[in-house]
>>> print(open('data_12.tsv').read())   # TSV, C-alpha atoms
chain	number	residue	atom	x	y	z
A	158	MET	CA	-23.64	-57.70	7.83
A	159	GLU	CA	-24.27	-56.93	4.15
A	160	GLU	CA	-26.47	-53.94	3.37
A	161	SER	CA	-28.38	-53.48	0.16
A	162	PRO	CA	-26.96	-50.53	-1.81
A	163	LEU	CA	-30.55	-49.38	-2.13
A	164	HIS	CA	-30.87	-49.19	1.61
A	165	ALA	CA	-29.86	-45.52	1.46
A	166	PHE	CA	-33.03	-44.68	-0.49
A	167	GLU	CA	-35.43	-46.08	2.07
A	168	LEU	CA	-37.67	-43.63	3.86
A	169	HIS	CA	-39.17	-43.86	7.30
A	170	ASN	CA	-41.89	-41.68	8.65
A	171	TYR	CA	-40.61	-39.70	11.61
A	172	ILE	CA	-43.79	-37.76	12.36
A	173	PRO	CA	-47.03	-39.19	10.97
A	174	LEU	CA	-49.27	-36.43	9.63
A	175	SER	CA	-52.27	-36.31	7.36
A	176	ILE	CA	-54.60	-33.72	5.88
A	177	GLY	CA	-58.05	-34.80	4.75
A	178	GLY	CA	-56.97	-38.40	4.46
A	179	MET	CA	-53.81	-37.51	2.52
A	180	ASP	CA	-50.66	-38.73	4.17
A	181	ILE	CA	-48.16	-35.90	4.59
A	182	SER	CA	-45.91	-37.53	7.17
A	183	ILE	CA	-42.51	-36.01	7.81
A	184	ASN	CA	-39.64	-38.20	6.64
A	185	LYS	CA	-35.99	-37.68	5.87
A	186	ALA	CA	-36.61	-36.48	2.32
A	187	VAL	CA	-39.09	-33.88	3.55
A	188	ILE	CA	-36.64	-32.60	6.14
A	189	LEU	CA	-33.95	-32.36	3.47
A	190	MET	CA	-36.34	-30.33	1.31
A	191	TRP	CA	-36.82	-27.90	4.17
A	192	ILE	CA	-33.08	-27.62	4.66
A	193	VAL	CA	-32.63	-27.02	0.93
A	194	VAL	CA	-35.26	-24.28	0.93
A	195	ALA	CA	-33.87	-22.63	4.07
A	196	LEU	CA	-30.26	-22.78	2.89
A	197	ALA	CA	-30.98	-21.63	-0.66
A	198	ALA	CA	-33.28	-18.85	0.49
A	199	VAL	CA	-30.87	-17.53	3.13
A	200	LEU	CA	-27.84	-17.65	0.84
A	201	MET	CA	-29.62	-16.04	-2.09
A	202	ILE	CA	-31.26	-13.34	0.00
A	203	MET	CA	-27.94	-12.52	1.66
A	204	ALA	CA	-26.29	-12.37	-1.73
A	205	GLY	CA	-29.13	-10.32	-3.17
A	206	SER	CA	-29.24	-7.79	-0.38
A	207	ALA	CA	-25.51	-7.07	-0.46
A	208	ARG	CA	-25.90	-5.06	-3.68
A	209	ARG	CA	-22.27	-4.05	-3.79
A	210	LEU	CA	-20.81	-2.87	-7.04
A	211	VAL	CA	-17.64	-4.79	-6.23
A	212	PRO	CA	-19.11	-8.07	-5.04
A	213	GLY	CA	-17.98	-10.19	-2.13
A	214	LYS	CA	-17.55	-13.94	-2.40
A	215	LEU	CA	-21.15	-14.90	-1.74
A	216	GLN	CA	-22.55	-12.15	-3.92
A	217	ASN	CA	-20.14	-13.11	-6.66
A	218	LEU	CA	-21.21	-16.77	-6.48
A	219	ALA	CA	-24.90	-15.88	-6.56
A	220	GLU	CA	-24.33	-13.49	-9.44
A	221	MET	CA	-22.44	-16.18	-11.36
A	222	LEU	CA	-25.36	-18.52	-10.80
A	223	VAL	CA	-27.94	-15.95	-11.86
A	224	ASP	CA	-25.91	-14.87	-14.85
A	225	PHE	CA	-25.42	-18.51	-15.84
A	226	ILE	CA	-29.16	-19.18	-15.79
A	227	ARG	CA	-29.82	-15.90	-17.57
A	228	GLY	CA	-27.35	-17.01	-20.24
A	229	ILE	CA	-29.16	-20.32	-20.70
A	230	ILE	CA	-32.52	-18.58	-21.01
A	231	LEU	CA	-31.25	-15.96	-23.45
A	232	ASP	CA	-29.56	-18.65	-25.57
A	233	THR	CA	-32.57	-20.91	-25.81
A	234	MET	CA	-35.57	-18.60	-25.53
A	235	GLY	CA	-34.29	-15.14	-26.25
A	236	LYS	CA	-35.27	-12.00	-24.42
A	237	ASP	CA	-38.94	-13.04	-24.09
A	238	GLY	CA	-37.88	-15.96	-21.96
A	239	MET	CA	-36.68	-13.69	-19.18
A	240	ARG	CA	-40.24	-13.56	-17.82
A	241	PHE	CA	-39.69	-17.20	-16.81
A	242	PHE	CA	-36.41	-16.38	-15.14
A	243	PRO	CA	-37.68	-16.60	-11.53
A	244	LEU	CA	-39.25	-20.00	-12.12
A	245	ILE	CA	-36.33	-21.48	-14.03
A	246	ALA	CA	-33.74	-20.10	-11.64
A	247	SER	CA	-35.68	-21.37	-8.63
A	248	LEU	CA	-35.94	-24.77	-10.27
A	249	PHE	CA	-32.22	-24.85	-10.97
A	250	ILE	CA	-31.33	-23.75	-7.47
A	251	PHE	CA	-33.72	-26.22	-5.83
A	252	ILE	CA	-32.48	-29.16	-7.90
A	253	LEU	CA	-28.84	-28.19	-7.52
A	254	PHE	CA	-29.10	-27.86	-3.76
A	255	CYS	CA	-30.98	-31.17	-3.53
A	256	ASN	CA	-28.32	-32.91	-5.61
A	257	LEU	CA	-25.42	-31.39	-3.67
A	258	LEU	CA	-26.82	-31.81	-0.18
A	259	GLY	CA	-27.57	-35.44	-1.01
A	260	LEU	CA	-23.84	-36.04	-1.38
A	261	ILE	CA	-23.18	-35.26	2.26
A	262	PRO	CA	-22.84	-38.66	3.96
A	263	GLY	CA	-25.84	-39.38	6.12
A	264	SER	CA	-28.18	-36.99	4.33
A	265	TYR	CA	-30.77	-37.85	1.72
A	266	THR	CA	-30.94	-37.12	-1.99
A	267	VAL	CA	-34.40	-35.71	-2.58
A	268	THR	CA	-33.95	-35.86	-6.36
A	269	SER	CA	-33.39	-39.61	-6.23
A	270	GLN	CA	-37.14	-39.92	-5.59
A	271	ILE	CA	-38.92	-40.39	-8.92
A	272	VAL	CA	-42.05	-38.62	-7.67
A	273	VAL	CA	-40.05	-35.52	-6.89
A	274	THR	CA	-38.47	-35.35	-10.34
A	275	ALA	CA	-41.78	-36.30	-11.94
A	276	VAL	CA	-43.54	-33.39	-10.28
A	277	PHE	CA	-40.93	-30.97	-11.63
A	278	ALA	CA	-41.09	-32.56	-15.07
A	279	CYS	CA	-44.88	-32.32	-15.13
A	280	LEU	CA	-44.70	-28.73	-13.91
A	281	VAL	CA	-42.31	-27.78	-16.68
A	282	TYR	CA	-44.03	-29.70	-19.43
A	283	GLY	CA	-47.48	-28.65	-18.27
A	284	LEU	CA	-46.36	-25.03	-18.25
A	285	SER	CA	-44.99	-25.36	-21.78
A	286	LEU	CA	-48.33	-26.79	-22.97
A	287	VAL	CA	-50.34	-24.09	-21.22
A	288	MET	CA	-48.05	-21.35	-22.58
A	289	GLY	CA	-48.27	-22.85	-26.06
A	290	PHE	CA	-52.05	-22.93	-26.11
A	291	ILE	CA	-52.33	-19.46	-24.59
A	292	LEU	CA	-49.95	-17.95	-27.12
A	293	HIS	CA	-50.95	-19.88	-30.24
A	294	GLY	CA	-54.40	-21.33	-29.49
A	295	ALA	CA	-55.32	-24.37	-31.55
A	296	LYS	CA	-52.40	-23.67	-33.86
A	297	PHE	CA	-50.19	-25.01	-31.10
A	298	LEU	CA	-51.22	-28.50	-32.20
A	299	GLY	CA	-48.96	-27.80	-35.16
A	300	ILE	CA	-46.09	-28.70	-32.87
A	301	LEU	CA	-46.99	-32.29	-33.81
A	302	VAL	CA	-46.19	-31.53	-37.46
A	303	PRO	CA	-42.59	-30.64	-38.25
A	304	PRO	CA	-42.37	-27.86	-40.84
A	305	GLY	CA	-42.22	-29.09	-44.44
A	306	THR	CA	-43.97	-32.42	-43.81
A	307	PRO	CA	-45.90	-33.53	-46.92
A	308	GLY	CA	-49.62	-34.19	-46.34
A	309	TRP	CA	-49.53	-37.91	-46.98
A	310	LEU	CA	-46.97	-38.38	-44.19
A	311	LEU	CA	-49.22	-36.84	-41.57
A	312	PRO	CA	-50.74	-40.13	-40.35
A	313	LEU	CA	-47.22	-41.32	-39.66
A	314	MET	CA	-45.69	-38.12	-38.36
A	315	ILE	CA	-48.39	-37.18	-35.88
A	316	PRO	CA	-48.11	-40.38	-33.79
A	317	ILE	CA	-44.34	-40.17	-33.85
A	318	GLU	CA	-44.36	-36.55	-32.75
A	319	LEU	CA	-46.97	-37.37	-30.13
A	320	ILE	CA	-44.71	-40.02	-28.67
A	321	SER	CA	-41.73	-37.68	-28.78
A	322	GLN	CA	-43.79	-35.05	-26.97
A	323	LEU	CA	-44.93	-37.52	-24.32
A	324	ALA	CA	-41.36	-38.72	-23.92
A	325	ARG	CA	-40.32	-35.25	-22.86
A	326	PRO	CA	-41.68	-35.17	-19.31
A	327	ILE	CA	-40.87	-38.84	-18.79
A	328	SER	CA	-37.27	-38.49	-19.94
A	329	LEU	CA	-36.94	-35.29	-17.90
A	330	ALA	CA	-38.09	-37.05	-14.75
A	331	VAL	CA	-36.28	-40.33	-15.32
A	332	ARG	CA	-32.97	-38.74	-16.32
A	333	LEU	CA	-32.56	-36.83	-13.08
A	334	PHE	CA	-33.90	-39.63	-10.89
A	335	ALA	CA	-31.75	-42.29	-12.58
A	336	ASN	CA	-28.57	-40.25	-12.46
A	337	MET	CA	-28.94	-39.43	-8.81
A	338	THR	CA	-29.92	-42.98	-7.90
A	339	ALA	CA	-27.15	-44.60	-9.93
A	340	GLY	CA	-24.51	-42.31	-8.47
A	341	HIS	CA	-25.53	-43.13	-4.95
A	342	VAL	CA	-25.80	-46.84	-5.68
A	343	ILE	CA	-22.23	-46.81	-6.97
A	344	LEU	CA	-21.07	-44.88	-3.93
A	345	GLY	CA	-22.94	-47.32	-1.70
A	346	VAL	CA	-21.48	-50.38	-3.39
A	347	LEU	CA	-17.94	-49.00	-3.30
A	348	PHE	CA	-18.24	-48.00	0.31
A	349	GLY	CA	-19.71	-51.43	1.16
A	350	LEU	CA	-16.64	-52.98	-0.48
A	351	ALA	CA	-14.37	-50.67	1.50
A	352	ILE	CA	-16.03	-51.72	4.74
A	353	SER	CA	-16.03	-55.45	4.01
A	354	GLY	CA	-12.53	-55.40	2.48
A	355	GLY	CA	-10.86	-54.48	5.76
A	356	VAL	CA	-7.72	-52.40	6.04
A	357	LEU	CA	-5.56	-54.52	3.74
A	358	ILE	CA	-7.59	-54.25	0.57
A	359	GLY	CA	-10.39	-51.93	1.62
A	360	TRP	CA	-8.40	-48.71	0.98
A	361	LEU	CA	-8.74	-49.28	-2.76
A	362	PRO	CA	-12.56	-49.10	-2.98
A	363	PHE	CA	-12.42	-46.38	-0.33
A	364	ALA	CA	-10.19	-44.28	-2.57
A	365	PHE	CA	-12.63	-44.93	-5.40
A	366	THR	CA	-15.47	-43.81	-3.15
A	367	ILE	CA	-13.73	-40.49	-2.62
A	368	ALA	CA	-13.01	-40.10	-6.32
A	369	MET	CA	-16.60	-41.01	-7.17
A	370	ASN	CA	-17.88	-38.48	-4.68
A	371	GLY	CA	-15.92	-35.81	-6.52
A	372	LEU	CA	-17.41	-37.00	-9.80
A	373	GLU	CA	-20.88	-36.96	-8.25
A	374	VAL	CA	-20.45	-33.29	-7.37
A	375	GLY	CA	-19.88	-32.65	-11.05
A	376	ILE	CA	-22.89	-34.79	-11.96
A	377	ALA	CA	-25.02	-32.88	-9.45
A	378	PHE	CA	-24.21	-29.68	-11.34
A	379	ILE	CA	-24.56	-31.23	-14.78
A	380	GLN	CA	-27.94	-32.79	-14.06
A	381	ALA	CA	-29.31	-29.57	-12.62
A	382	TYR	CA	-27.96	-27.82	-15.72
A	383	ILE	CA	-29.48	-30.35	-18.11
A	384	PHE	CA	-32.85	-30.15	-16.39
A	385	THR	CA	-32.74	-26.36	-16.68
A	386	VAL	CA	-31.64	-26.33	-20.31
A	387	LEU	CA	-34.36	-28.78	-21.31
A	388	THR	CA	-36.90	-26.72	-19.40
A	389	CYS	CA	-35.83	-23.72	-21.41
A	390	VAL	CA	-35.93	-25.67	-24.66
A	391	TYR	CA	-39.44	-26.98	-24.03
A	392	LEU	CA	-40.73	-23.60	-22.98
A	393	GLY	CA	-38.94	-22.06	-25.95
A	394	ASP	CA	-40.63	-24.54	-28.30
A	395	ALA	CA	-44.00	-23.46	-26.95
A	396	PHE	CA	-42.95	-19.86	-27.33
A	397	HIS	CA	-41.63	-19.89	-30.85
A	398	LEU	CA	-43.60	-22.57	-32.60
A	399	HIS	CA	-41.17	-24.05	-35.19
A	400	GLY	CA	-39.00	-21.01	-34.70
A	401	HIS	CA	-41.75	-18.75	-36.10
A	402	ASP	CA	-45.48	-18.43	-35.73
A	403	ASP	CA	-46.73	-19.75	-39.07
A	404	HIS	CA	-46.30	-23.40	-39.89
A	405	ALA	CA	-46.81	-25.74	-42.82
A	406	HIS	CA	-50.18	-27.39	-43.22
B	73	MET	CA	-36.46	-50.13	-5.32
B	74	PRO	CA	-37.48	-48.11	-2.28
B	75	GLN	CA	-38.25	-45.10	-4.49
B	76	PHE	CA	-41.26	-46.85	-5.97
B	77	GLU	CA	-42.95	-47.39	-2.62
B	78	SER	CA	-46.10	-45.47	-3.32
B	79	SER	CA	-46.94	-44.97	0.35
B	80	PHE	CA	-44.53	-42.03	0.49
B	81	PHE	CA	-45.68	-40.38	-2.73
B	82	SER	CA	-48.38	-38.22	-1.28
B	83	SER	CA	-46.23	-36.69	1.45
B	84	LEU	CA	-43.29	-36.19	-0.91
B	85	ILE	CA	-45.45	-34.47	-3.53
B	86	PHE	CA	-47.19	-32.33	-0.93
B	87	TRP	CA	-44.01	-31.16	0.72
B	88	GLU	CA	-42.21	-30.72	-2.57
B	89	VAL	CA	-44.94	-28.42	-3.85
B	90	ILE	CA	-44.97	-26.49	-0.58
B	91	SER	CA	-41.16	-26.25	-0.33
B	92	PHE	CA	-40.66	-25.28	-3.92
B	93	GLY	CA	-43.53	-22.82	-3.72
B	94	ILE	CA	-41.94	-21.14	-0.71
B	95	LEU	CA	-38.50	-21.08	-2.29
B	96	PHE	CA	-39.90	-19.70	-5.54
B	97	PHE	CA	-41.84	-17.00	-3.72
B	98	VAL	CA	-38.94	-16.00	-1.49
B	99	LEU	CA	-36.41	-15.88	-4.30
B	100	TYR	CA	-38.85	-14.10	-6.62
B	101	LYS	CA	-39.67	-11.48	-4.01
B	102	PHE	CA	-36.41	-10.97	-2.13
B	103	ALA	CA	-33.39	-12.40	-3.93
B	104	PHE	CA	-33.67	-12.11	-7.71
B	105	PRO	CA	-34.59	-8.43	-8.01
B	106	GLY	CA	-31.52	-7.49	-5.99
B	107	ILE	CA	-29.14	-9.73	-7.87
B	108	LEU	CA	-30.49	-8.92	-11.33
B	109	GLY	CA	-30.56	-5.24	-10.39
B	110	ILE	CA	-26.96	-5.15	-9.30
B	111	LEU	CA	-25.92	-7.10	-12.42
B	112	GLU	CA	-27.61	-4.52	-14.61
B	113	GLU	CA	-26.21	-1.69	-12.54
B	114	ARG	CA	-22.72	-3.09	-12.87
B	115	GLU	CA	-23.13	-3.58	-16.62
B	116	LYS	CA	-24.19	0.04	-16.90
B	117	LYS	CA	-21.38	1.18	-14.65
B	118	ILE	CA	-18.78	-0.72	-16.68
B	119	LYS	CA	-20.18	0.65	-19.90
B	120	ASP	CA	-20.16	4.17	-18.48
B	121	SER	CA	-16.62	3.73	-17.20
B	122	LEU	CA	-15.45	2.53	-20.59
B	123	ASP	CA	-17.12	5.48	-22.30
B	124	GLN	CA	-15.61	7.84	-19.80
B	125	ALA	CA	-12.17	6.29	-20.23
B	126	GLU	CA	-12.53	6.73	-23.99
B	127	ARG	CA	-13.47	10.37	-23.50
B	128	HIS	CA	-10.53	10.94	-21.18
B	129	ARG	CA	-8.18	9.34	-23.66
B	130	ALA	CA	-9.42	11.65	-26.42
B	131	ASP	CA	-9.03	14.64	-24.09
B	132	ALA	CA	-5.51	13.62	-23.19
B	133	GLU	CA	-4.60	13.17	-26.82
B	134	ARG	CA	-5.91	16.61	-27.68
B	135	ALA	CA	-4.07	18.15	-24.74
B	136	LEU	CA	-0.87	16.44	-25.84
B	137	LYS	CA	-1.23	17.80	-29.36
B	138	GLU	CA	-1.88	21.30	-28.02
B	139	TYR	CA	1.09	21.04	-25.75
B	140	GLU	CA	3.34	19.87	-28.55
B	141	ALA	CA	2.19	22.73	-30.77
B	142	LYS	CA	2.84	25.21	-27.98
B	143	LEU	CA	6.21	23.71	-27.34
B	144	SER	CA	7.31	24.01	-30.95
B	145	ALA	CA	5.99	27.58	-31.10
B	146	ALA	CA	7.92	28.43	-27.97
B	147	ALA	CA	11.07	26.85	-29.40
B	148	LYS	CA	10.68	28.94	-32.55
B	149	GLU	CA	10.14	32.08	-30.52
B	150	ALA	CA	13.17	31.35	-28.38
B	151	GLU	CA	15.24	30.88	-31.50
B	152	GLY	CA	14.05	34.24	-32.83
B	153	LEU	CA	14.81	35.96	-29.55
B	154	LEU	CA	18.25	34.46	-29.43
B	155	ALA	CA	19.03	35.59	-32.96
B	156	ALA	CA	17.76	39.12	-32.20
B	157	ALA	CA	19.83	39.27	-29.05
B	158	LYS	CA	22.92	38.11	-30.90
B	159	GLU	CA	22.40	40.69	-33.57
B	160	ARG	CA	21.90	43.43	-31.00
B	161	ALA	CA	25.01	42.43	-29.14
B	162	GLN	CA	27.02	42.46	-32.34
B	163	ARG	CA	25.68	45.86	-33.22
B	164	LEU	CA	26.52	47.24	-29.80
B	165	LEU	CA	29.98	45.80	-30.08
B	166	ASP	CA	30.54	47.37	-33.48
B	167	GLU	CA	29.19	50.74	-32.35
B	168	ASN	CA	31.42	50.74	-29.31
B	169	GLU	CA	34.43	49.91	-31.36
B	170	GLN	CA	33.73	52.71	-33.82
B	171	ARG	CA	33.07	55.15	-31.03
B	172	LEU	CA	36.28	54.21	-29.24
B	173	THR	CA	38.29	54.41	-32.41
B	174	ALA	CA	36.89	57.88	-33.17
B	175	GLU	CA	37.61	59.00	-29.61
B	176	ALA	CA	41.17	57.75	-29.78
B	177	GLU	CA	41.59	59.45	-33.13
B	178	ARG	CA	40.28	62.68	-31.65
B	179	ILE	CA	42.55	62.50	-28.61
B	180	LYS	CA	45.49	61.80	-30.82
B	181	GLY	CA	44.62	64.76	-33.06
B	182	ASP	CA	44.23	67.07	-30.06
B	183	ALA	CA	47.55	65.98	-28.68
B	184	THR	CA	49.29	66.49	-32.00
B	185	ARG	CA	47.81	69.94	-32.36
B	186	GLU	CA	48.86	70.90	-28.84
B	187	ILE	CA	52.35	69.69	-29.38
B	188	ASP	CA	52.59	71.66	-32.62
B	189	HIS	CA	51.27	74.75	-30.98
B	190	GLU	CA	53.76	74.50	-28.11
B	191	ARG	CA	56.57	73.92	-30.52
B	192	ARG	CA	55.64	76.99	-32.53
B	193	LYS	CA	55.39	79.06	-29.35
B	194	ALA	CA	58.79	77.87	-28.23
B	195	VAL	CA	60.35	78.66	-31.59
B	196	GLN	CA	58.81	82.12	-31.54
B	197	GLU	CA	60.17	82.72	-28.06
B	198	ILE	CA	63.57	81.53	-28.97
B	199	ARG	CA	63.53	83.75	-32.02
B	200	ASN	CA	62.56	86.84	-29.95
B	201	GLN	CA	65.16	86.22	-27.32
B	202	THR	CA	67.82	85.57	-29.93
B	203	THR	CA	66.98	88.84	-31.64
B	204	GLU	CA	67.25	90.75	-28.41
B	205	LEU	CA	70.48	89.03	-27.56
B	206	ALA	CA	71.96	89.74	-30.97
B	207	LEU	CA	70.90	93.38	-30.72
B	208	LEU	CA	72.49	93.64	-27.32
B	209	VAL	CA	75.75	92.11	-28.57
B	210	ALA	CA	75.78	94.21	-31.73
B	211	GLU	CA	75.12	97.36	-29.75
B	212	LYS	CA	78.07	96.69	-27.53
B	213	VAL	CA	80.39	96.03	-30.50
B	214	VAL	CA	79.46	98.94	-32.76
B	215	GLN	CA	78.12	101.33	-30.15
B	216	ARG	CA	79.06	104.62	-31.74
B	217	SER	CA	79.49	104.00	-35.43
B	218	LEU	CA	76.07	102.73	-36.18
B	219	THR	CA	73.00	104.78	-36.98
B	220	ASP	CA	69.43	103.81	-36.47
B	221	ALA	CA	69.24	102.76	-40.10
B	222	ASP	CA	72.26	100.62	-39.70
B	223	HIS	CA	70.75	99.02	-36.65
B	224	ARG	CA	67.62	98.10	-38.49
B	225	LYS	CA	69.61	96.79	-41.42
B	226	PHE	CA	71.79	94.60	-39.30
B	227	ALA	CA	68.88	93.30	-37.31
B	228	ASP	CA	66.97	92.39	-40.43
B	229	GLU	CA	70.00	90.64	-41.88
B	230	ALA	CA	70.50	88.73	-38.68
B	231	LEU	CA	66.84	87.72	-38.55
B	232	GLU	CA	66.97	86.63	-42.13
B	233	ALA	CA	69.95	84.49	-41.45
B	234	LEU	CA	68.29	83.04	-38.41
B	235	SER	CA	65.10	82.16	-40.13
B	236	LYS	CA	67.06	80.56	-42.98
B	237	ALA	CA	69.00	78.55	-40.51
B	238	HIS	CA	65.77	77.50	-38.81
B	239	SER	CA	63.58	76.60	-41.69
>>> encode(input="data_12.tsv", output="structure tokens")
Amino acid sequence: MEESPLHAFELHNYIPLSIGGMDISINKAVILMWIVVALAAVLMIMAGSARRLVPGKLQNLAEMLVDFIRGIILDTMGKDGMRFFPLIASLFIFILFCNLLGLIPGSYTVTSQIVVTAVFACLVYGLSLVMGFILHGAKFLGILVPPGTPGWLLPLMIPIELISQLARPISLAVRLFANMTAGHVILGVLFGLAISGGVLIGWLPFAFTIAMNGLEVGIAFIQAYIFTVLTCVYLGDAFHLHGHDDHAH
Amino acid sequence: MPQFESSFFSSLIFWEVISFGILFFVLYKFAFPGILGILEEREKKIKDSLDQAERHRADAERALKEYEAKLSAAAKEAEGLLAAAKERAQRLLDENEQRLTAEAERIKGDATREIDHERRKAVQEIRNQTTELALLVAEKVVQRSLTDADHRKFADEALEALSKAHS
């Protein structure tokens, strides 16, 4: 019996639910989200309540994580960016846990759903737009004009910049979704080969499956990292328009 | 692809927003303040410890310098004391020697004087006895013929001869 490698991404409603005509049925992805939230919250609260000057293992891990995210924020946005720390860190932790838990055989990768990544991307990009307009008002439209652009190039530059701006949330969403999906498709294909190959030849794709799983753990971290860094960059752009507040017109 | 089945979108979006909202709230309220707080506290503690270590090092250095200065002063003092003691001992030695020499000299002088005195006394005694003896003998020999003047004359002559023989 051959299974489609995309079979793993199929969802089935376990408990049908709806609010005001909106379907909010419980499926595997939803349950995984709950597990992610519960696990992340419990681990982080435990780590945060330890408050030992010489940290234990869990506290050390959580502090590394927090310090890592703080480093990203300080590098890309500077000290002002720390007000976004809770949001960015929560985002990183949520995505990272989704990515990692998805690698456990039999579970589900929430971030391989394009809607899920799209919601995060829209949240981040929407926040950067709102922040930009709050901080700079109409001047924020200057983000469409790179500094030093001569006037006669404006008709060309503005559409290009508009596209590049619109590409931001799309690329943010698609990158995470595609990476997670592709990784699991490869794992699925390799494991399918291992099953159909039998004992004689099947060990080879099986070994690859194990190696790929290790690689996927790395990718889970890297994609969560990339999503976080880009979030910081976009928010930082809204913060420091062209690096400073005045811009060429 | 199963991910594009739009029938699941609404429930996924709904639960994602709810889940992430809860996680954000919980972490914001209960986890991050603790972790960020302890990170800051540790940074401060490390900085304080380093400062303190620097202070202690400076203290130790100063103490070492003081100690070395004291040590060299003590060595100098000890040297001085030793020299003084040596000098004193030498002086005592010299004094003793002089005193002993003088004492010996004195004893020797006393002894010499005593011996001389005794010798003189003995000579005087011998001289007296000899005179008496000579008088006795002379009396016996020239009992009748001699007068008092003769006696005196003979005695003087004899004494003269005796002292000549003696000196």
>>> atom_distance(input="data_12.tsv", atom1="CA of Thr266 (chain A)", atom2="CA of Met337 (chain A)")
7.5 Å
>>> closest_atom_pairs(input="data_12.tsv", of="region 217-330 of chain A", to="region 163-186 of chain A", cutoff="9 Å", atoms="all atoms listed in the file", output="tab-separated table")
residue	atom	partner	partner_atom	distance
A:Gly263	CA	A:Ala165	CA	8.7
A:Ser264	CA	A:Lys185	CA	8.0
A:Tyr265	CA	A:Ala186	CA	6.0
A:Thr266	CA	A:Ala186	CA	7.2
A:Val267	CA	A:Ala186	CA	5.4
A:Ser269	CA	A:Phe166	CA	7.7
A:Gln270	CA	A:Phe166	CA	8.1
>>> atom_distance(input="data_12.tsv", atom1="CA of Glu115 (chain B)", atom2="CA of Val223 (chain A)")
14.1 Å
>>> residues_around(input="data_12.tsv", residues="Ala230 (chain B)", least_positions_apart="2", cutoff="12 Å", atoms="only C-alpha atoms", output="PyMOL selection string")
chain B and resi 199-200+202-207+209-210+223-228+232-237
>>> interface_residues(input="data_12.tsv", of="chain B", to="chain A", cutoff="10 Å", atoms="only C-alpha atoms", output="number ranges by chain")
B: 73-111, 113-115, 117
>>> write_last_selection(input="data_12.tsv", atoms="C-alpha atoms", output="mmCIF file, in the frame of the given file")
data_model
loop_
_atom_site.group_PDB
_atom_site.id
_atom_site.type_symbol
_atom_site.label_atom_id
_atom_site.label_comp_id
_atom_site.auth_asym_id
_atom_site.auth_seq_id
_atom_site.Cartn_x
_atom_site.Cartn_y
_atom_site.Cartn_z
ATOM 1 C CA MET B 73 -36.460 -50.130 -5.320
ATOM 2 C CA PRO B 74 -37.480 -48.110 -2.280
ATOM 3 C CA GLN B 75 -38.250 -45.100 -4.490
ATOM 4 C CA PHE B 76 -41.260 -46.850 -5.970
ATOM 5 C CA GLU B 77 -42.950 -47.390 -2.620
ATOM 6 C CA SER B 78 -46.100 -45.470 -3.320
ATOM 7 C CA SER B 79 -46.940 -44.970 0.350
ATOM 8 C CA PHE B 80 -44.530 -42.030 0.490
ATOM 9 C CA PHE B 81 -45.680 -40.380 -2.730
ATOM 10 C CA SER B 82 -48.380 -38.220 -1.280
ATOM 11 C CA SER B 83 -46.230 -36.690 1.450
ATOM 12 C CA LEU B 84 -43.290 -36.190 -0.910
ATOM 13 C CA ILE B 85 -45.450 -34.470 -3.530
ATOM 14 C CA PHE B 86 -47.190 -32.330 -0.930
ATOM 15 C CA TRP B 87 -44.010 -31.160 0.720
ATOM 16 C CA GLU B 88 -42.210 -30.720 -2.570
ATOM 17 C CA VAL B 89 -44.940 -28.420 -3.850
ATOM 18 C CA ILE B 90 -44.970 -26.490 -0.580
ATOM 19 C CA SER B 91 -41.160 -26.250 -0.330
ATOM 20 C CA PHE B 92 -40.660 -25.280 -3.920
ATOM 21 C CA GLY B 93 -43.530 -22.820 -3.720
ATOM 22 C CA ILE B 94 -41.940 -21.140 -0.710
ATOM 23 C CA LEU B 95 -38.500 -21.080 -2.290
ATOM 24 C CA PHE B 96 -39.900 -19.700 -5.540
ATOM 25 C CA PHE B 97 -41.840 -17.000 -3.720
ATOM 26 C CA VAL B 98 -38.940 -16.000 -1.490
ATOM 27 C CA LEU B 99 -36.410 -15.880 -4.300
ATOM 28 C CA TYR B 100 -38.850 -14.100 -6.620
ATOM 29 C CA LYS B 101 -39.670 -11.480 -4.010
ATOM 30 C CA PHE B 102 -36.410 -10.970 -2.130
ATOM 31 C CA ALA B 103 -33.390 -12.400 -3.930
ATOM 32 C CA PHE B 104 -33.670 -12.110 -7.710
ATOM 33 C CA PRO B 105 -34.590 -8.430 -8.010
ATOM 34 C CA GLY B 106 -31.520 -7.490 -5.990
ATOM 35 C CA ILE B 107 -29.140 -9.730 -7.870
ATOM 36 C CA LEU B 108 -30.490 -8.920 -11.330
ATOM 37 C CA GLY B 109 -30.560 -5.240 -10.390
ATOM 38 C CA ILE B 110 -26.960 -5.150 -9.300
ATOM 39 C CA LEU B 111 -25.920 -7.100 -12.420
ATOM 40 C CA GLU B 113 -26.210 -1.690 -12.540
ATOM 41 C CA ARG B 114 -22.720 -3.090 -12.870
ATOM 42 C CA GLU B 115 -23.130 -3.580 -16.620
ATOM 43 C CA LYS B 117 -21.380 1.180 -14.650
#
>>> atom_distance(input="data_12.tsv", atom1="CA of Leu258 (chain A)", atom2="CA of Asn370 (chain A)")
12.0 Å
>>> closest_residue(input="data_12.tsv", among="A:Leu333, A:Phe378, A:Val342, A:Leu398", to="Leu301 (chain A)", atoms="only C-alpha atoms")
A:Leu398
>>> residues_around(input="data_12.tsv", residues="region 380-392 of chain A", least_positions_apart="4", cutoff="8 Å", atoms="all atoms listed in the file", output="MDAnalysis selection string")
chainID A and resid 229:230 233:234 245 248:249 252:253 256 281:282 284:285 288 329 333 336 376 396
>>> closest_residue(input="data_12.tsv", among="A:Pro316, A:Gly355, A:Gly238, A:Gly213", to="His397 (chain A)", atoms="all atoms listed in the file")
A:Gly238
